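Here's the structure we're looking at; comments come further down.
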Amino acid sequence: MSPLALEARALRKVFGGLVAVNDISFVVREGGVKALIGPNGAGKTTVFNLLSGLYPATGGTFLVGGRRADGHPPHLIARMGLARTFQNVRLFGNMSVVENVMVGWHRRGRAGFLSAVLRLPQARSEDRAARAACLEHLALVGLDRRADDDALSLPFGQQRLLEIARALAGRPRLLLLDEPAAGLSTREKADLARLVRRIGEGGVTVLLVDHDMELVMDLSDEVLVLDHGEKIAEGPPRQIQKDERVIAAYLGEEPEAPG
């Protein structure tokens with residue numbers, strides 16, 4: 001059995017009287033791509049927000065790389081090896097492309113605040129190392145030639161790639177991609193699919209949320225389906241495509257009763 005990059009146990013989130021995530025349990029095995037899908041309002045992004053520490057869980061636990069992570073703030077969960085992107089691209093508009101990626105890299109740095117402010121040799125050395133490493137991440141996503149351009153000067157599709165490069169700069173073991181194909185052209189989606197495969201080949205496990213079913217089914221080893229905050233199906237893509245509960249959830253119909 002493959003080691004687990006992530007294990008969620010009875011994960012639950014309640015907002016007031018609304019149960020957004022209802023006792024969901026699942027695992028993500030290292031080295032694979034797992035997709036989390038479901039209709040709008042199913043609870044997918046809420047799960048991502050729980051796993052990345054943006055929301056405290058109402059109940060349940062989750063482990064990243066075997067270490068319990070629930071109850072920890074986002075920066076500590078990131079240190080455990082989890083990184084994520086967002087549905088709405090979040091870049092630093094006053095920074096260049098490479099500087100945005102360096103933000104993700106600097107959590108690995110060892111130079112202290114005072115060293116950085118005074119521009120001491122250790123801080124300068126780290127900056128050179130950071131830029132070199134971040135240029136490699138930009139090359140992976142095809143943006144190395146635009147390293148010194150303003151981040152917001154990039155077309156929308158390239159901004160999404162930049163956000164992925166920034167997430168990878170922290171060297172995560174698990175990468176959460178939240179709607180990475182949203183707003184992309186057909187060609188950009190094909191480029192994204194190749195990138196996700198390269199990320200997996202590089203040893204980073206991927207948990208993916210997206211509404212593009214062709215992309216999801218093509219990339220994923222396993223698919224987890226949510227509806228109204230509950231897990232209704234889980235398994236390989238071919239099995240999920242034939243599951244009556246999944247079909248009913250997407251079509252807004254009740255599955256037929258047996259007999």
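Identifiers in the structure tokens: chain A, B, ... in order shown; residue index from 1 per chain; ligand index from 1 in order shown.
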
How close does each residue of region 12-116 of chain A get to region 179-192 of chain A, giving the shortest atom pair and distance in Å to one decimal for every residue with an atom at most 10 Å away, counting only C-alpha atoms, sorted by chain and residue number, as a Markdown table?
| residue | atom | partner | partner_atom | distance |
| --- | --- | --- | --- | --- |
| A:Thr45 | CA | A:Glu179 | CA | 9.2 |
| A:Thr85 | CA | A:Pro180 | CA | 7.8 |
| A:Phe86 | CA | A:Glu179 | CA | 7.2 |
| A:Gln87 | CA | A:Glu179 | CA | 5.3 |
| A:Asn88 | CA | A:Glu179 | CA | 8.6 |
| A:Val89 | CA | A:Pro180 | CA | 9.2 |

Glu163 (chain A) environment, 8 Å, only C-alpha atoms, sequence neighbours closer than 2 positions dropped, as a list in words
Thr85, Val89, Arg90, Leu91, Val101, Gln159, Arg160, Leu161, Ala165, Arg166 and Ala167 of chain A

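When CA of Ile199 (chain A) is paired with CA of Lys34 (chain A), their separation reads 13.2 Å.
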
Can you tell me, as a list in words, what residues are no more than 8 Å from Leu208 (chain A) when counting only C-alpha atoms, ignoring any on the same chain fewer than 4 positions away?
Val33, Lys34, Ala35, Leu36, Leu176, Leu177, Asp178, Glu179 and Val216 of chain A

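Pairwise distance (CA of Pro172 (chain A), CA of Pro39 (chain A)) equals 28.3 Å.
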
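Across the structure, CA of Asn94 (chain A) and CA of Leu152 (chain A) are spaced 8.3 Å apart.
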
Could you pull out the residues in region 11-213 of chain A that DSSP calls helix (DSSP H, G or I) from the backbone, as a PyMOL selection string?
chain A and resi 44-51+74-79+97-108+113-118+121-141+144-146+151-153+156-168+186-201+213

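Residues within 10 Å of region 241-250 of chain A, counting only C-alpha atoms and excluding same-chain residues fewer than 2 positions away, are Ile37, Gly38, Pro39, Asn40, Ala42, Met213, Met217, Val223, Val225, Leu226, Asp227, His228, Ile232, Ala233, Glu234, Gly235, Pro236, Pro237, Arg238, Gln239, Gly252, Glu253, Glu254, Pro255 and Glu256 of chain A.
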
Output C-alpha atoms of each residue in that selection to a file, as a short mmCIF file (atom, residue, chain, number, x, y, z; two decimals), in the first residue's frame.
data_model
loop_
_atom_site.label_atom_id
_atom_site.label_comp_id
_atom_site.auth_asym_id
_atom_site.auth_seq_id
_atom_site.Cartn_x
_atom_site.Cartn_y
_atom_site.Cartn_z
CA ILE A 37 -15.63 16.91 -7.71
CA GLY A 38 -19.30 17.73 -7.22
CA PRO A 39 -22.01 20.22 -8.22
CA ASN A 40 -21.79 23.87 -7.17
CA ALA A 42 -21.08 20.58 -2.78
CA MET A 213 -14.85 16.56 -16.35
CA MET A 217 -11.16 12.00 -15.77
CA VAL A 223 -12.09 10.60 -7.91
CA VAL A 225 -17.49 13.01 -5.30
CA LEU A 226 -19.31 15.33 -2.90
CA ASP A 227 -22.93 16.45 -2.94
CA HIS A 228 -24.44 18.80 -0.35
CA ILE A 232 -21.51 10.03 -2.31
CA ALA A 233 -18.89 8.12 -4.31
CA GLU A 234 -15.18 7.39 -4.51
CA GLY A 235 -13.14 5.30 -6.89
CA PRO A 236 -11.32 5.17 -10.24
CA PRO A 237 -12.62 7.49 -13.00
CA ARG A 238 -14.36 4.77 -15.03
CA GLN A 239 -16.31 3.63 -11.99
CA GLY A 252 -30.39 17.22 -10.30
CA GLU A 253 -32.36 13.96 -10.25
CA GLU A 254 -32.98 11.28 -7.66
CA PRO A 255 -31.49 7.89 -8.50
CA GLU A 256 -34.06 5.19 -9.19
#

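The neighbours of Val21 (chain A) here are the residues that come within 6 Å of it, using only C-alpha atoms and leaving out any residue fewer than 4 positions away in the same chain; they are Arg12, Lys13, Gly43 and Gly229 of chain A.
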
With C-alpha atoms retained, could you export that selection as a PDB file, in the first residue's frame?
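The resulting part-v7.pdb:
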ATOM      1  CA  ARG A  12     -16.859  18.310   9.415  1.00  0.00           C
ATOM      2  CA  LYS A  13     -17.597  22.036   9.017  1.00  0.00           C
ATOM      3  CA  GLY A  43     -18.412  21.672  -0.284  1.00  0.00           C
ATOM      4  CA  GLY A 229     -21.385  18.362   1.861  1.00  0.00           C
TER       5      GLY A 229
END

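With distances restricted to only C-alpha atoms, A:Val141 is the closest residue to Leu168 (chain A) from A:Leu207, A:Ala8, A:Val141, A:Leu154.
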